[in-house]
Each structure stands twice: as structure tokens, then as C-alpha cells.
Amino acid sequence: MKETISGLSVYFEGNSKNKSIIFLHGFPYDHTMWKSQIDELNEKYFCVTYDIRGLGESPVGDGQYTMESFVDDLEAIIDQQKLDKPILCGLSMGGYIGLRALERFDEKFSAVILCDTRADADGNEGKLKRAAAIKRINTEGLAPFAKDFITNCFGDDYKQNNKDDFEKRIVKSSSFDPAGVKGSLIAMLGRNDTTEYLSKIKIPALVICGEFDALTPPAVMKSLAGKINGAGFVVIKNSGHMSPIENPKEVNEAITKFLTRL
Ligand code: MLT
């Protein structure tokens, strides 16, 4: 089922009476990156996901976003749907949104799953990379940037053995409105650092990372997990940055194990 909330395309699967899980996708993707997890979990959980503003089917508007406005969007969905302490599950940019949402209103969540993400903000090098990406999109169009970025996200095994799916993801992301993609880059560039907050997280947490993640490597995520009291840390074999797509079996096992212990 699909609904428009605050202008965003929001998708629901499962019985709304069940415990809800809200899934936040990474950049530059859309809600469909969580398909394998939602297919697995929707019998027992009310699965909610959405396209982050400017990406997928959500409108671009003026293309001017901040991490705060992304968190406002998440809060609007939780409040309007009256979700009762959902479990938060975010990958990479979805994790940035999730961590900042916890920092702002952790009383609204019952548990958190952080996949292939980080708590620290962009340093100088990262900021300049984002600026170069925006310049490249302006001069060459979105497609070359999307191809290179997505190529870097996936591990070799997936790229070799799932060529069609991999190519389709590049084509899909290349079709997004460039203004929305650039808006996300600026929002990420300007986000705050949530590292200090990690030790204040009181809800159960699971940290998941692909063993070959080149963007948020296992060492970064292990250190993140080590700062959250009692957090579980699982390394997903044979996977790059997009572990829920690259190795859904292991990611689903890790998530299911975590959820059954709540
Ligand atoms: C993502 O997967 O969301 C991006 O890699 C995040 C980023 O560029 O920092």
C-alpha cells in the first residue's frame, strides 16, 4: 500500500496492529533497496518505508534540504501514522537521518538497526568531494556520477553475479531529478556529528556492516558499535556497502535474531 504523507511517497506492508519497523534508504537509492528485508519481516511486523525527499518517487520541491528537514520528514510520518515506538532501521544516509532523529526524539523509538553508516560528520575532504560531485552533476549530468558512485557502493561479487540488477539500479538512480540528488549531497555535507550522542543511546541497537564496505568500513562501524551500550555488531560476508541488497540472507538473519530478543 502506498500513501502520500507530507508530500512523500510512503509504503506499508503487513498488519498495522503489529510492531512497526521504519526503513530509511541510502543515497542515491529509493525505498526498494529494503525489498528483501520487508518480504521477510512483513508477516510479523508492520513495515514502513519511504522515498527520502528528492529521491525515488518523492517530490523534489525546491531541492533545498538539510539533515534536519530529513528528520522532520521522518517525524511527520511517525506522527501522522501514529506509529507506536517503531524500530528504526537505516542504511548509510538513512543511518545519518536515524541517528539525528534519535538525538532529537529518542523517546519515539523502541530499538535501532544501523547498517553501513557512520556517526561522524563530513570532514574537509568529504565536503570537498561533495562539492566536486555537485559540480560534476552540473557539468556532465547525473548519469556518470550515479554510475561511479553506485559502482563504489557494491562489492565485486555482486557486480559480477548480479549484473542485471546492478545495471538496473544505476539506470534507476540516473533517472532521479538531479536537483534532488544534489539536495541530498548538501544535506549530508551539512549534517552534525552524532558521535557524542552514541553513549546516550538507551534502546537496544544492532550495527551491521558489509565486510568489503569501502564507504563505511567494518573498522569504522565496529568503533561506532563500541560506543553504544550493549550494541550488537555483525559483519556481513561477501558484501560491500549495500549489505541488505548484496547479502539479504545474512542481513535478514541478523535482523531477525535481534528482533526476537527484544
Ligand atoms: C549512502 O549510501 O547513503 C551514502 O554512501 C552516504 C554518503 O555518501 O555519505
# chains A, B, ... in the order shown; residues from 1 in each chain; ligands from 1

call {"tool": "select_by_dssp", "arguments": {"residues": "segment 78-228 of chain A", "states": "helix (DSSP H, G or I)", "output": "number ranges by chain"}}
result
A: 78-80, 93-108, 124-140, 142-153, 156-161, 163-174, 178-189, 195-198, 218-226

call {"tool": "closest_atom_pairs", "arguments": {"of": "chain A", "to": "ligand 1", "cutoff": "9 Å", "atoms": "only C-alpha atoms and all ligand atoms", "output": "JSON lines"}}
result
{"residue": "A:His25", "atom": "CA", "partner": "ligand 1", "partner_atom_place_in_ligand_line": "3 (O)", "distance": 7.1}
{"residue": "A:Gly26", "atom": "CA", "partner": "ligand 1", "partner_atom_place_in_ligand_line": "3 (O)", "distance": 3.5}
{"residue": "A:Phe27", "atom": "CA", "partner": "ligand 1", "partner_atom_place_in_ligand_line": "3 (O)", "distance": 3.5}
{"residue": "A:Pro28", "atom": "CA", "partner": "ligand 1", "partner_atom_place_in_ligand_line": "3 (O)", "distance": 6.5}
{"residue": "A:Tyr29", "atom": "CA", "partner": "ligand 1", "partner_atom_place_in_ligand_line": "3 (O)", "distance": 7.8}
{"residue": "A:Leu91", "atom": "CA", "partner": "ligand 1", "partner_atom_place_in_ligand_line": "3 (O)", "distance": 6.4}
{"residue": "A:Ser92", "atom": "CA", "partner": "ligand 1", "partner_atom_place_in_ligand_line": "3 (O)", "distance": 4.1}
{"residue": "A:Met93", "atom": "CA", "partner": "ligand 1", "partner_atom_place_in_ligand_line": "3 (O)", "distance": 3.6}
{"residue": "A:Gly94", "atom": "CA", "partner": "ligand 1", "partner_atom_place_in_ligand_line": "3 (O)", "distance": 6.3}
{"residue": "A:Gly95", "atom": "CA", "partner": "ligand 1", "partner_atom_place_in_ligand_line": "3 (O)", "distance": 7.9}
{"residue": "A:Tyr96", "atom": "CA", "partner": "ligand 1", "partner_atom_place_in_ligand_line": "6 (C)", "distance": 8.2}
{"residue": "A:Asp116", "atom": "CA", "partner": "ligand 1", "partner_atom_place_in_ligand_line": "2 (O)", "distance": 7.6}
{"residue": "A:Thr117", "atom": "CA", "partner": "ligand 1", "partner_atom_place_in_ligand_line": "6 (C)", "distance": 7.3}
{"residue": "A:Arg118", "atom": "CA", "partner": "ligand 1", "partner_atom_place_in_ligand_line": "9 (O)", "distance": 8.2}
{"residue": "A:Ala121", "atom": "CA", "partner": "ligand 1", "partner_atom_place_in_ligand_line": "9 (O)", "distance": 8.9}
{"residue": "A:Asp122", "atom": "CA", "partner": "ligand 1", "partner_atom_place_in_ligand_line": "9 (O)", "distance": 7.8}
{"residue": "A:Gly126", "atom": "CA", "partner": "ligand 1", "partner_atom_place_in_ligand_line": "9 (O)", "distance": 8.3}
{"residue": "A:Arg130", "atom": "CA", "partner": "ligand 1", "partner_atom_place_in_ligand_line": "8 (O)", "distance": 8.2}
{"residue": "A:Phe149", "atom": "CA", "partner": "ligand 1", "partner_atom_place_in_ligand_line": "5 (O)", "distance": 8.1}
{"residue": "A:Ile150", "atom": "CA", "partner": "ligand 1", "partner_atom_place_in_ligand_line": "2 (O)", "distance": 8.7}
{"residue": "A:Cys153", "atom": "CA", "partner": "ligand 1", "partner_atom_place_in_ligand_line": "5 (O)", "distance": 7.0}
{"residue": "A:Ser184", "atom": "CA", "partner": "ligand 1", "partner_atom_place_in_ligand_line": "8 (O)", "distance": 9.0}
{"residue": "A:Leu185", "atom": "CA", "partner": "ligand 1", "partner_atom_place_in_ligand_line": "8 (O)", "distance": 7.3}
{"residue": "A:Met188", "atom": "CA", "partner": "ligand 1", "partner_atom_place_in_ligand_line": "9 (O)", "distance": 6.4}
{"residue": "A:Leu189", "atom": "CA", "partner": "ligand 1", "partner_atom_place_in_ligand_line": "9 (O)", "distance": 8.2}
{"residue": "A:Leu215", "atom": "CA", "partner": "ligand 1", "partner_atom_place_in_ligand_line": "5 (O)", "distance": 6.2}
{"residue": "A:Thr216", "atom": "CA", "partner": "ligand 1", "partner_atom_place_in_ligand_line": "5 (O)", "distance": 7.8}
{"residue": "A:His241", "atom": "CA", "partner": "ligand 1", "partner_atom_place_in_ligand_line": "2 (O)", "distance": 7.0}
{"residue": "A:Met242", "atom": "CA", "partner": "ligand 1", "partner_atom_place_in_ligand_line": "2 (O)", "distance": 7.4}

call {"tool": "write_last_selection", "arguments": {"atoms": "N, CA, C and O atoms", "output": "JSON list (two decimals), in the first residue's frame"}}
result
[["chain", "number", "residue", "atom", "x", "y", "z"],
["A", 25, "HIS", "N", 16.29, 4.44, 3.50],
["A", 25, "HIS", "CA", 17.25, 4.00, 2.48],
["A", 25, "HIS", "C", 18.50, 4.89, 2.41],
["A", 25, "HIS", "O", 18.55, 5.98, 2.99],
["A", 26, "GLY", "N", 19.48, 4.40, 1.66],
["A", 26, "GLY", "CA", 20.73, 5.14, 1.47],
["A", 26, "GLY", "C", 20.67, 6.01, 0.22],
["A", 26, "GLY", "O", 19.68, 6.03, -0.53],
["A", 27, "PHE", "N", 21.77, 6.69, -0.04],
["A", 27, "PHE", "CA", 21.93, 7.62, -1.16],
["A", 27, "PHE", "C", 22.77, 6.95, -2.25],
["A", 27, "PHE", "O", 23.80, 6.34, -1.91],
["A", 28, "PRO", "N", 22.41, 7.06, -3.51],
["A", 28, "PRO", "CA", 21.25, 7.73, -4.12],
["A", 28, "PRO", "C", 20.22, 6.69, -4.57],
["A", 28, "PRO", "O", 20.04, 6.48, -5.77],
["A", 29, "TYR", "N", 19.56, 6.07, -3.61],
["A", 29, "TYR", "CA", 18.64, 4.97, -3.91],
["A", 29, "TYR", "C", 17.22, 5.37, -3.54],
["A", 29, "TYR", "O", 16.94, 6.54, -3.34],
["A", 91, "LEU", "N", 20.14, 2.73, 6.54],
["A", 91, "LEU", "CA", 21.44, 2.42, 5.92],
["A", 91, "LEU", "C", 22.09, 3.72, 5.46],
["A", 91, "LEU", "O", 21.46, 4.52, 4.75],
["A", 92, "SER", "N", 23.33, 3.89, 5.84],
["A", 92, "SER", "CA", 24.17, 5.00, 5.40],
["A", 92, "SER", "C", 23.47, 6.34, 5.57],
["A", 92, "SER", "O", 23.25, 6.77, 6.69],
["A", 93, "MET", "N", 23.03, 7.03, 4.50],
["A", 93, "MET", "CA", 22.33, 8.30, 4.70],
["A", 93, "MET", "C", 21.09, 8.07, 5.57],
["A", 93, "MET", "O", 20.74, 8.93, 6.40],
["A", 94, "GLY", "N", 20.45, 6.92, 5.40],
["A", 94, "GLY", "CA", 19.30, 6.59, 6.26],
["A", 94, "GLY", "C", 19.73, 6.47, 7.71],
["A", 94, "GLY", "O", 18.97, 6.79, 8.63],
["A", 95, "GLY", "N", 20.97, 6.03, 7.92],
["A", 95, "GLY", "CA", 21.52, 5.95, 9.28],
["A", 95, "GLY", "C", 21.82, 7.34, 9.84],
["A", 95, "GLY", "O", 21.64, 7.59, 11.03],
["A", 96, "TYR", "N", 22.29, 8.26, 8.97],
["A", 96, "TYR", "CA", 22.55, 9.64, 9.44],
["A", 96, "TYR", "C", 21.23, 10.25, 9.93],
["A", 96, "TYR", "O", 21.19, 10.92, 10.97],
["A", 116, "ASP", "N", 25.76, -0.07, 7.67],
["A", 116, "ASP", "CA", 26.73, 0.59, 6.79],
["A", 116, "ASP", "C", 26.60, 2.12, 6.85],
["A", 116, "ASP", "O", 26.29, 2.78, 5.86],
["A", 117, "THR", "N", 26.84, 2.65, 8.03],
["A", 117, "THR", "CA", 26.68, 4.10, 8.22],
["A", 117, "THR", "C", 27.79, 4.62, 9.13],
["A", 117, "THR", "O", 28.70, 3.87, 9.51],
["A", 118, "ARG", "N", 27.74, 5.86, 9.51],
["A", 118, "ARG", "CA", 28.73, 6.42, 10.43],
["A", 118, "ARG", "C", 28.08, 7.54, 11.24],
["A", 118, "ARG", "O", 27.06, 8.10, 10.81],
["A", 121, "ALA", "N", 30.57, 13.51, 11.19],
["A", 121, "ALA", "CA", 30.15, 14.37, 10.07],
["A", 121, "ALA", "C", 31.22, 14.37, 8.99],
["A", 121, "ALA", "O", 32.32, 13.83, 9.18],
["A", 122, "ASP", "N", 30.94, 14.98, 7.85],
["A", 122, "ASP", "CA", 31.95, 15.10, 6.80],
["A", 122, "ASP", "C", 33.09, 15.99, 7.28],
["A", 122, "ASP", "O", 32.86, 17.08, 7.82],
["A", 126, "GLY", "N", 35.78, 15.24, 2.80],
["A", 126, "GLY", "CA", 34.43, 14.79, 2.44],
["A", 126, "GLY", "C", 33.60, 15.92, 1.87],
["A", 126, "GLY", "O", 32.87, 15.75, 0.89],
["A", 130, "ARG", "N", 31.92, 16.22, -1.92],
["A", 130, "ARG", "CA", 30.51, 16.51, -2.21],
["A", 130, "ARG", "C", 30.42, 17.69, -3.19],
["A", 130, "ARG", "O", 29.63, 17.68, -4.12],
["A", 149, "PHE", "N", 29.40, 6.37, -8.44],
["A", 149, "PHE", "CA", 29.08, 6.28, -7.00],
["A", 149, "PHE", "C", 28.56, 4.89, -6.67],
["A", 149, "PHE", "O", 28.99, 4.25, -5.71],
["A", 150, "ILE", "N", 27.63, 4.41, -7.50],
["A", 150, "ILE", "CA", 26.99, 3.11, -7.23],
["A", 150, "ILE", "C", 28.00, 1.97, -7.42],
["A", 150, "ILE", "O", 28.01, 0.99, -6.67],
["A", 153, "CYS", "N", 29.78, 1.53, -4.33],
["A", 153, "CYS", "CA", 28.96, 1.03, -3.22],
["A", 153, "CYS", "C", 28.96, -0.50, -3.15],
["A", 153, "CYS", "O", 28.92, -1.07, -2.05],
["A", 184, "SER", "N", 20.37, 16.17, -1.59],
["A", 184, "SER", "CA", 20.80, 15.18, -0.58],
["A", 184, "SER", "C", 22.28, 15.36, -0.26],
["A", 184, "SER", "O", 22.70, 15.23, 0.89],
["A", 185, "LEU", "N", 23.08, 15.62, -1.30],
["A", 185, "LEU", "CA", 24.53, 15.80, -1.08],
["A", 185, "LEU", "C", 24.77, 16.98, -0.13],
["A", 185, "LEU", "O", 25.59, 16.90, 0.79],
["A", 188, "MET", "N", 23.78, 16.06, 3.43],
["A", 188, "MET", "CA", 24.80, 15.20, 4.09],
["A", 188, "MET", "C", 26.03, 16.03, 4.46],
["A", 188, "MET", "O", 26.61, 15.86, 5.53],
["A", 189, "LEU", "N", 26.42, 16.93, 3.54],
["A", 189, "LEU", "CA", 27.60, 17.78, 3.77],
["A", 189, "LEU", "C", 27.42, 18.65, 5.03],
["A", 189, "LEU", "O", 28.37, 18.90, 5.77],
["A", 215, "LEU", "N", 32.90, 2.43, 1.82],
["A", 215, "LEU", "CA", 32.48, 3.77, 2.23],
["A", 215, "LEU", "C", 32.43, 3.92, 3.74],
["A", 215, "LEU", "O", 32.83, 4.95, 4.28],
["A", 216, "THR", "N", 31.87, 2.91, 4.40],
["A", 216, "THR", "CA", 31.84, 2.91, 5.87],
["A", 216, "THR", "C", 32.39, 1.55, 6.31],
["A", 216, "THR", "O", 31.63, 0.63, 6.62],
["A", 241, "HIS", "N", 28.99, -2.00, 0.57],
["A", 241, "HIS", "CA", 28.26, -1.00, 1.35],
["A", 241, "HIS", "C", 26.75, -1.28, 1.38],
["A", 241, "HIS", "O", 26.06, -0.81, 2.26],
["A", 242, "MET", "N", 26.26, -2.05, 0.40],
["A", 242, "MET", "CA", 24.81, -2.24, 0.30],
["A", 242, "MET", "C", 24.41, -3.62, 0.81],
["A", 242, "MET", "O", 23.74, -4.40, 0.13]]

call {"tool": "closest_residue", "arguments": {"among": "A:Ala111, A:Leu128, A:Asp193, A:Phe212", "to": "Gly230 of chain A", "atoms": "only C-alpha atoms"}}
result
A:Ala111

call {"tool": "closest_residue", "arguments": {"among": "A:Glu167, A:Ala131, A:Lys172, A:Ala119", "to": "Asp30 of chain A", "atoms": "only C-alpha atoms"}}
result
A:Lys172

call {"tool": "select_by_dssp", "arguments": {"residues": "segment 37-135 of chain A", "states": "strand (DSSP E or B)", "output": "list in words"}}
result
Phe46, Cys47, Val48, Thr49, Tyr50, Ile87, Leu88, Cys89, Gly90, Leu91, Ala111, Val112, Ile113, Leu114 and Cys115 of chain A

call {"tool": "write_last_selection", "arguments": {"atoms": "all heavy atoms", "output": "compact mmCIF listing (two decimals), in the first residue's frame"}}
result
# COMPACT_ATOMS: atom_id res chain seq x y z
N PHE A 46 4.85 -4.59 11.06
CA PHE A 46 4.25 -3.61 10.15
C PHE A 46 5.42 -2.81 9.55
O PHE A 46 6.10 -2.06 10.27
CB PHE A 46 3.30 -2.69 10.94
CG PHE A 46 2.60 -1.68 10.10
CD1 PHE A 46 1.96 -2.02 8.91
CD2 PHE A 46 2.54 -0.34 10.52
CE1 PHE A 46 1.30 -1.08 8.15
CE2 PHE A 46 1.88 0.61 9.76
CZ PHE A 46 1.26 0.24 8.58
N CYS A 47 5.72 -3.06 8.29
CA CYS A 47 6.91 -2.48 7.67
C CYS A 47 6.55 -1.18 6.94
O CYS A 47 5.69 -1.17 6.06
CB CYS A 47 7.52 -3.47 6.68
SG CYS A 47 8.07 -4.98 7.50
N VAL A 48 7.25 -0.13 7.31
CA VAL A 48 7.00 1.20 6.73
C VAL A 48 8.30 1.66 6.09
O VAL A 48 9.37 1.56 6.69
CB VAL A 48 6.59 2.22 7.83
CG1 VAL A 48 6.29 3.58 7.23
CG2 VAL A 48 5.41 1.69 8.64
N THR A 49 8.22 2.14 4.87
CA THR A 49 9.41 2.72 4.25
C THR A 49 8.96 3.89 3.37
O THR A 49 7.77 4.06 3.12
CB THR A 49 10.23 1.66 3.49
OG1 THR A 49 11.44 2.26 3.03
CG2 THR A 49 9.48 1.08 2.30
N TYR A 50 9.90 4.70 2.92
CA TYR A 50 9.51 5.84 2.08
C TYR A 50 10.70 6.30 1.26
O TYR A 50 11.85 5.94 1.55
CB TYR A 50 8.97 7.00 2.95
CG TYR A 50 9.94 7.63 3.92
CD1 TYR A 50 10.59 8.84 3.62
CD2 TYR A 50 10.22 7.03 5.16
CE1 TYR A 50 11.48 9.43 4.52
CE2 TYR A 50 11.11 7.62 6.05
CZ TYR A 50 11.72 8.81 5.73
OH TYR A 50 12.60 9.39 6.62
N ILE A 87 10.63 0.51 15.41
CA ILE A 87 12.05 0.15 15.36
C ILE A 87 12.60 0.91 14.15
O ILE A 87 11.99 0.90 13.08
CB ILE A 87 12.20 -1.37 15.19
CG1 ILE A 87 11.66 -2.08 16.44
CG2 ILE A 87 13.66 -1.75 14.92
CD1 ILE A 87 11.14 -3.47 16.17
N LEU A 88 13.72 1.55 14.34
CA LEU A 88 14.31 2.37 13.28
C LEU A 88 15.39 1.55 12.58
O LEU A 88 16.24 0.95 13.24
CB LEU A 88 14.93 3.59 13.95
CG LEU A 88 15.53 4.72 13.16
CD1 LEU A 88 14.48 5.39 12.31
CD2 LEU A 88 16.11 5.75 14.14
N CYS A 89 15.37 1.51 11.25
CA CYS A 89 16.39 0.75 10.52
C CYS A 89 16.89 1.61 9.36
O CYS A 89 16.13 1.85 8.41
CB CYS A 89 15.79 -0.57 10.02
SG CYS A 89 16.96 -1.57 9.08
N GLY A 90 18.13 2.08 9.43
CA GLY A 90 18.62 2.98 8.39
C GLY A 90 19.97 2.54 7.85
O GLY A 90 20.82 2.05 8.60
N LEU A 91 20.14 2.73 6.54
CA LEU A 91 21.44 2.42 5.92
C LEU A 91 22.09 3.72 5.46
O LEU A 91 21.46 4.52 4.75
CB LEU A 91 21.27 1.48 4.73
CG LEU A 91 22.57 1.15 4.00
CD1 LEU A 91 22.73 -0.35 3.76
CD2 LEU A 91 22.72 1.91 2.67
N ALA A 111 13.86 0.58 19.30
CA ALA A 111 15.14 -0.09 19.01
C ALA A 111 15.69 0.50 17.71
O ALA A 111 14.96 1.16 16.96
CB ALA A 111 14.93 -1.60 18.84
N VAL A 112 16.98 0.27 17.48
CA VAL A 112 17.59 0.84 16.26
C VAL A 112 18.54 -0.17 15.59
O VAL A 112 19.28 -0.88 16.27
CB VAL A 112 18.31 2.18 16.57
CG1 VAL A 112 19.43 2.02 17.59
CG2 VAL A 112 18.87 2.81 15.29
N ILE A 113 18.45 -0.21 14.26
CA ILE A 113 19.37 -1.03 13.46
C ILE A 113 20.11 -0.08 12.52
O ILE A 113 19.48 0.64 11.74
CB ILE A 113 18.58 -2.09 12.64
CG1 ILE A 113 17.75 -2.98 13.57
CG2 ILE A 113 19.53 -2.92 11.77
CD1 ILE A 113 16.67 -3.78 12.88
N LEU A 114 21.42 -0.06 12.65
CA LEU A 114 22.24 0.85 11.84
C LEU A 114 23.07 0.03 10.86
O LEU A 114 23.90 -0.79 11.29
CB LEU A 114 23.15 1.68 12.74
CG LEU A 114 22.43 2.62 13.72
CD1 LEU A 114 23.38 3.11 14.81
CD2 LEU A 114 21.83 3.82 12.96
N CYS A 115 22.84 0.21 9.58
CA CYS A 115 23.57 -0.57 8.57
C CYS A 115 24.53 0.35 7.81
O CYS A 115 24.11 1.41 7.31
CB CYS A 115 22.61 -1.15 7.54
SG CYS A 115 21.29 -2.15 8.21

call {"tool": "atom_distance", "arguments": {"atom1": "atom CA of Asp79 of chain A", "atom2": "atom CA of Ile21 of chain A"}}
result
14.0 Å

call {"tool": "residues_around", "arguments": {"residues": "Asp62 of chain A", "least_positions_apart": "2", "cutoff": "9 Å", "atoms": "only C-alpha atoms", "output": "ChimeraX atom specification"}}
result
/A:60,64-65,179-180,183

call {"tool": "residues_around", "arguments": {"residues": "Ser223 of chain A", "least_positions_apart": "6", "cutoff": "12 Å", "atoms": "only C-alpha atoms", "output": "VMD selection string"}}
result
chain A and resid 117 to 120 195 198 to 199 207 209 216 to 217 229 231 to 233

call {"tool": "closest_residue", "arguments": {"among": "A:Ile22, A:Val181, A:Val171, A:Leu99", "to": "Tyr45 of chain A", "atoms": "only C-alpha atoms"}}
result
A:Ile22

call {"tool": "closest_residue", "arguments": {"among": "A:Gly210, A:Pro204, A:Pro86, A:Pro248", "to": "Ile228 of chain A", "atoms": "only C-alpha atoms"}}
result
A:Pro204

call {"tool": "decode", "arguments": {"residues": "segment 5-17 of chain A", "atoms": "N, CA, C and O atoms", "output": "compact mmCIF listing (two decimals), in the first residue's frame"}}
result
# COMPACT_ATOMS: atom_id res chain seq x y z
N ILE A 5 2.38 11.23 2.41
CA ILE A 5 2.40 11.89 3.72
C ILE A 5 3.41 13.02 3.67
O ILE A 5 4.57 12.79 3.30
N SER A 6 2.96 14.22 4.00
CA SER A 6 3.84 15.41 3.89
C SER A 6 4.43 15.49 2.49
O SER A 6 5.59 15.88 2.34
N GLY A 7 3.71 15.04 1.50
CA GLY A 7 4.19 15.08 0.12
C GLY A 7 5.09 13.90 -0.24
O GLY A 7 5.44 13.73 -1.40
N LEU A 8 5.45 13.07 0.74
CA LEU A 8 6.40 11.97 0.47
C LEU A 8 5.67 10.68 0.08
O LEU A 8 4.56 10.42 0.56
N SER A 9 6.31 9.87 -0.76
CA SER A 9 5.75 8.56 -1.10
C SER A 9 6.14 7.57 -0.01
O SER A 9 7.33 7.25 0.15
N VAL A 10 5.13 7.10 0.71
CA VAL A 10 5.35 6.21 1.86
C VAL A 10 4.67 4.87 1.56
O VAL A 10 3.57 4.84 1.01
N TYR A 11 5.34 3.79 1.91
CA TYR A 11 4.89 2.44 1.55
C TYR A 11 4.73 1.60 2.82
O TYR A 11 5.58 1.66 3.71
N PHE A 12 3.64 0.82 2.84
CA PHE A 12 3.34 -0.01 4.02
C PHE A 12 3.15 -1.45 3.61
O PHE A 12 2.49 -1.71 2.60
N GLU A 13 3.67 -2.36 4.40
CA GLU A 13 3.38 -3.79 4.20
C GLU A 13 3.21 -4.45 5.55
O GLU A 13 3.98 -4.18 6.47
N GLY A 14 2.20 -5.33 5.63
CA GLY A 14 1.95 -6.04 6.88
C GLY A 14 0.76 -5.44 7.62
O GLY A 14 0.14 -4.49 7.16
N ASN A 15 0.52 -6.03 8.79
CA ASN A 15 -0.63 -5.65 9.60
C ASN A 15 -0.26 -4.47 10.50
O ASN A 15 0.69 -4.57 11.29
N SER A 16 -1.03 -3.40 10.40
CA SER A 16 -0.68 -2.19 11.16
C SER A 16 -0.81 -2.40 12.68
O SER A 16 -0.36 -1.56 13.46
N LYS A 17 -1.43 -3.51 13.09
CA LYS A 17 -1.53 -3.79 14.54
C LYS A 17 -0.22 -4.36 15.08
O LYS A 17 0.02 -4.38 16.29
